[in-house]
Amino acid sequence: MNKLSTKDFLGLKGYTKNELEGILDLATAMKQGDDRNEYLKGKFMGMLFNSASTRTRVSFQVGAKSLGGHMEYYHKDVLQLSRGETIRDTATVLGKYLDGLVVRYYDMQQYGFGRASLNEIAKHAGIPIINALDDKEHPCQVMADILTLREKFGEDYKKKNIVLTWGYSRYQKSPGVPHSFLTAAAALGMNIKVVNPKGFDLDEEFRCHAEEMKKTSGASISYSNDLTEASADADVIYVKSYKSLTMSSEEDLKVREELRNDWMISDQHFAVARPEALFMNCMPFIRGEQVTAAVADHPRSIVYDEAENRLHVQKAIMASIL
Ligand code: CP
């Protein structure tokens with residue numbers, strides 16, 4: 001098994017194609033039953049969260065246990081963090097007890113909604129940290145998504161036309177999935193179109209990184225504001241909501257409401273896509289917001305496969321850094 005080159009798994013930037021494919025290969029082997037190796041035997045891990053989670057929380061807990069380890073969940077409210085203890089002190093202390101920590105936590109008072117909280121934890125904990133979603137990336141989700149594509153299409157998944165698009169949501173507003181998807185696609189040599197309304201562009205930092213990566217990987221990456229045109233000949237349509245990086249929250253909400261119907265994935269988009277085209281979403285979603293119920297519940301929808309693969313890919317990630 002290949003160990004990753006980093007102590008932490010905070011985002012996908014910085015990993016080589018071989019490292020990412022190593023995680024996918026290990027996840028596939030584990031899914032096929034090869035978890036007899038108790039990679040986490042004797043390891044005691046924790047999860048530090050301050051927001052809701054179904055897939056991430058349960059799949060990490062089950063995954064750690066199935067590899068012979070132990071995983072406990074700590075919501076901020078049960079720790080002294082909720083009474084003002086600093087991230088630095090919390091991370092330093094947790095690092096004395098645990099062998100690894102899975103984090104979906106923002107300290108709004110000290111650091112705001114951003115990666116700074118995660119970086120502070122990684123700096124002081126002294127143990128491997130896994131990003132379970134922050135304002136920049138959702139690397140575990142995207143590795144599960146790529147594993148799902150590889151299962152559906154074999155190695156040809158790199159040649160498929162993948163539309164990564166924006167969708168309305170009242171609640172889900174992180175560009176974590178699109179940023180990590182763009183990064184993985186650029187490293188692995190995939191073929192994607194990023195399609196979003198004007199004003200909802202992805203971070204320049206991620207777009208520039210992808211441009212650099214594609215020079216060696218052979219990835220094809222393009223950007224558009226026209227969903228119907230981009231859907232033509234698509235093999236996959238992946239929708240994920242995220243907020244504008246420049247508008248204030250109130251303005252952003254108003255603009256998103258106005259865009260809602262024009263950007264909801266429906267049969268109209270699959271009518272111009274390739275006949276066997278698949279629908280993807282990281283979940284959770286609300287039928288009638290990012291996607292119609294007809295598409296979400298159609299056999300072309302592989303959302304439950306993506307959710308299942310969270311388990312297998314995260315086992316591989318834990319085994320690769322611990
Ligand atoms: N996709 C995802 O991260 O789901 P949860 O928020 O339920 O963990």
# chains A, B, ... in the order shown; residues from 1 in each chain; ligands from 1
$ select_by_dssp --residues "range 2-74 of chain A" --states "alpha helix (DSSP H)" --output "ChimeraX atom specification"
/A:17-31,55-66
$ select_by_dssp --residues "range 189-267 of chain A" --states "strand (DSSP E)" --output "PyMOL selection string"
chain A and resi 191-195+220-224+236-240
$ write_last_selection --atoms "C-alpha atoms" --output "PDB file, in the first residue's frame"
ATOM      1  CA  ASN A 191     -12.672  16.027 -19.421  1.00  0.00           C
ATOM      2  CA  ILE A 192     -14.932  18.530 -17.650  1.00  0.00           C
ATOM      3  CA  LYS A 193     -17.010  21.609 -18.334  1.00  0.00           C
ATOM      4  CA  VAL A 194     -17.660  23.848 -15.344  1.00  0.00           C
ATOM      5  CA  VAL A 195     -20.977  25.598 -15.900  1.00  0.00           C
ATOM      6  CA  SER A 220      -9.658  19.111 -20.874  1.00  0.00           C
ATOM      7  CA  ILE A 221     -11.253  21.869 -18.778  1.00  0.00           C
ATOM      8  CA  SER A 222     -13.616  24.558 -20.001  1.00  0.00           C
ATOM      9  CA  TYR A 223     -15.961  27.097 -18.443  1.00  0.00           C
ATOM     10  CA  SER A 224     -19.394  28.252 -19.552  1.00  0.00           C
ATOM     11  CA  VAL A 236     -22.517  12.963 -16.764  1.00  0.00           C
ATOM     12  CA  ILE A 237     -24.261  15.954 -15.222  1.00  0.00           C
ATOM     13  CA  TYR A 238     -23.139  16.712 -11.662  1.00  0.00           C
ATOM     14  CA  VAL A 239     -24.956  19.527  -9.874  1.00  0.00           C
ATOM     15  CA  LYS A 240     -23.813  21.234  -6.695  1.00  0.00           C
TER      16      LYS A 240
END
$ closest_residue --among "A:Ala185, A:Val58, A:Ile286, A:Leu227" --to "Lys160 in chain A" --atoms "only C-alpha atoms"
A:Ala185
$ closest_residue --among "A:Gln80, A:Arg207, A:Leu24, A:Asp8" --to "Ile121 in chain A" --atoms "only C-alpha atoms"
A:Asp8
$ residues_around --residues "Ala125 in chain A" --least-positions-apart "2" --cutoff "7 Å" --atoms "only C-alpha atoms" --output "number ranges by chain"
A: 91-92, 94-95, 121-123, 127
$ closest_atom_pairs --of "range 164-223 of chain A" --to "range 270-281 of chain A" --cutoff "12 Å" --atoms "only C-alpha atoms" --output "JSON lines"
{"residue": "A:Leu164", "atom": "CA", "partner": "A:Met280", "partner_atom": "CA", "distance": 9.2}
{"residue": "A:Thr165", "atom": "CA", "partner": "A:Asn281", "partner_atom": "CA", "distance": 10.1}
{"residue": "A:Trp166", "atom": "CA", "partner": "A:Asn281", "partner_atom": "CA", "distance": 10.8}
{"residue": "A:Gly167", "atom": "CA", "partner": "A:Asn281", "partner_atom": "CA", "distance": 10.2}
{"residue": "A:Gln172", "atom": "CA", "partner": "A:Asn281", "partner_atom": "CA", "distance": 11.9}
{"residue": "A:Val177", "atom": "CA", "partner": "A:Asn281", "partner_atom": "CA", "distance": 9.6}
{"residue": "A:Pro178", "atom": "CA", "partner": "A:Asn281", "partner_atom": "CA", "distance": 10.8}
{"residue": "A:Phe181", "atom": "CA", "partner": "A:Asn281", "partner_atom": "CA", "distance": 11.8}
$ write_last_selection --atoms "N, CA and C atoms" --output "short mmCIF file (atom, residue, chain, number, x, y, z; two decimals), in the first residue's frame"
data_model
loop_
_atom_site.label_atom_id
_atom_site.label_comp_id
_atom_site.auth_asym_id
_atom_site.auth_seq_id
_atom_site.Cartn_x
_atom_site.Cartn_y
_atom_site.Cartn_z
N LEU A 164 -20.05 19.83 -14.75
CA LEU A 164 -20.07 20.12 -13.32
C LEU A 164 -20.78 21.45 -13.18
N THR A 165 -21.99 21.43 -12.67
CA THR A 165 -22.78 22.64 -12.73
C THR A 165 -23.32 23.11 -11.39
N TRP A 166 -23.76 24.33 -11.42
CA TRP A 166 -24.30 25.01 -10.23
C TRP A 166 -25.79 24.69 -10.10
N GLY A 167 -26.27 24.63 -8.87
CA GLY A 167 -27.70 24.45 -8.65
C GLY A 167 -28.16 25.29 -7.48
N GLN A 172 -27.25 24.54 1.07
CA GLN A 172 -25.89 24.09 0.77
C GLN A 172 -25.19 25.13 -0.08
N VAL A 177 -17.11 20.89 -3.06
CA VAL A 177 -17.15 19.79 -4.04
C VAL A 177 -16.64 20.26 -5.41
N PRO A 178 -17.14 21.37 -5.96
CA PRO A 178 -16.62 21.79 -7.26
C PRO A 178 -15.12 22.06 -7.26
N PHE A 181 -13.42 18.71 -7.17
CA PHE A 181 -13.65 17.98 -8.43
C PHE A 181 -12.75 18.53 -9.53
#
$ closest_atom_pairs --of "chain A" --to "ligand 1" --cutoff "7 Å" --atoms "only C-alpha atoms and all ligand atoms" --output "JSON lines"
{"residue": "A:Ala52", "atom": "CA", "partner": "ligand 1", "partner_atom_place_in_ligand_line": "6 (O)", "distance": 6.2}
{"residue": "A:Ser53", "atom": "CA", "partner": "ligand 1", "partner_atom_place_in_ligand_line": "7 (O)", "distance": 3.7}
{"residue": "A:Thr54", "atom": "CA", "partner": "ligand 1", "partner_atom_place_in_ligand_line": "7 (O)", "distance": 3.5}
{"residue": "A:Arg55", "atom": "CA", "partner": "ligand 1", "partner_atom_place_in_ligand_line": "8 (O)", "distance": 4.0}
{"residue": "A:Thr56", "atom": "CA", "partner": "ligand 1", "partner_atom_place_in_ligand_line": "8 (O)", "distance": 3.7}
{"residue": "A:Arg57", "atom": "CA", "partner": "ligand 1", "partner_atom_place_in_ligand_line": "8 (O)", "distance": 5.9}
{"residue": "A:Leu133", "atom": "CA", "partner": "ligand 1", "partner_atom_place_in_ligand_line": "3 (O)", "distance": 6.9}
{"residue": "A:Gln141", "atom": "CA", "partner": "ligand 1", "partner_atom_place_in_ligand_line": "1 (N)", "distance": 6.2}
{"residue": "A:Cys282", "atom": "CA", "partner": "ligand 1", "partner_atom_place_in_ligand_line": "1 (N)", "distance": 4.6}
{"residue": "A:Met283", "atom": "CA", "partner": "ligand 1", "partner_atom_place_in_ligand_line": "1 (N)", "distance": 4.9}
{"residue": "A:Pro284", "atom": "CA", "partner": "ligand 1", "partner_atom_place_in_ligand_line": "4 (O)", "distance": 6.0}
$ residues_around --residues "range 150-158 of chain A" --least-positions-apart "3" --cutoff "7 Å" --atoms "only C-alpha atoms" --output "list in words"
Ile146, Leu147, Gly189, Met190 and Asn191 of chain A
$ write_last_selection --atoms "N, CA and C atoms" --output "PDB file, in the first residue's frame"
ATOM      1  N   ILE A 146     -15.182  10.129  -7.903  1.00  0.00           N
ATOM      2  CA  ILE A 146     -14.316   9.634  -8.989  1.00  0.00           C
ATOM      3  C   ILE A 146     -14.305   8.099  -8.973  1.00  0.00           C
ATOM      4  N   LEU A 147     -14.293   7.520  -7.789  1.00  0.00           N
ATOM      5  CA  LEU A 147     -14.367   6.053  -7.704  1.00  0.00           C
ATOM      6  C   LEU A 147     -15.648   5.554  -8.373  1.00  0.00           C
ATOM      7  N   GLY A 189      -6.456  13.914 -15.510  1.00  0.00           N
ATOM      8  CA  GLY A 189      -6.577  13.991 -16.971  1.00  0.00           C
ATOM      9  C   GLY A 189      -7.995  13.766 -17.461  1.00  0.00           C
ATOM     10  N   MET A 190      -8.960  14.304 -16.723  1.00  0.00           N
ATOM     11  CA  MET A 190     -10.374  14.122 -17.099  1.00  0.00           C
ATOM     12  C   MET A 190     -10.835  15.253 -18.021  1.00  0.00           C
ATOM     13  N   ASN A 191     -12.102  15.134 -18.420  1.00  0.00           N
ATOM     14  CA  ASN A 191     -12.672  16.027 -19.421  1.00  0.00           C
ATOM     15  C   ASN A 191     -13.909  16.689 -18.808  1.00  0.00           C
TER      16      ASN A 191
END
$ closest_residue --among "A:Ala230, A:Leu4, A:Ala296, A:Val93" --to "Lys17 in chain A" --atoms "only C-alpha atoms"
A:Leu4
$ closest_residue --among "A:Asp262, A:Asp252, A:Asp145, A:Asp235" --to "Val303 in chain A" --atoms "only C-alpha atoms"
A:Asp145
$ closest_residue --among "A:Gln61, A:Gly199, A:Leu67, A:Glu212" --to "Ser248 in chain A" --atoms "only C-alpha atoms"
A:Gly199
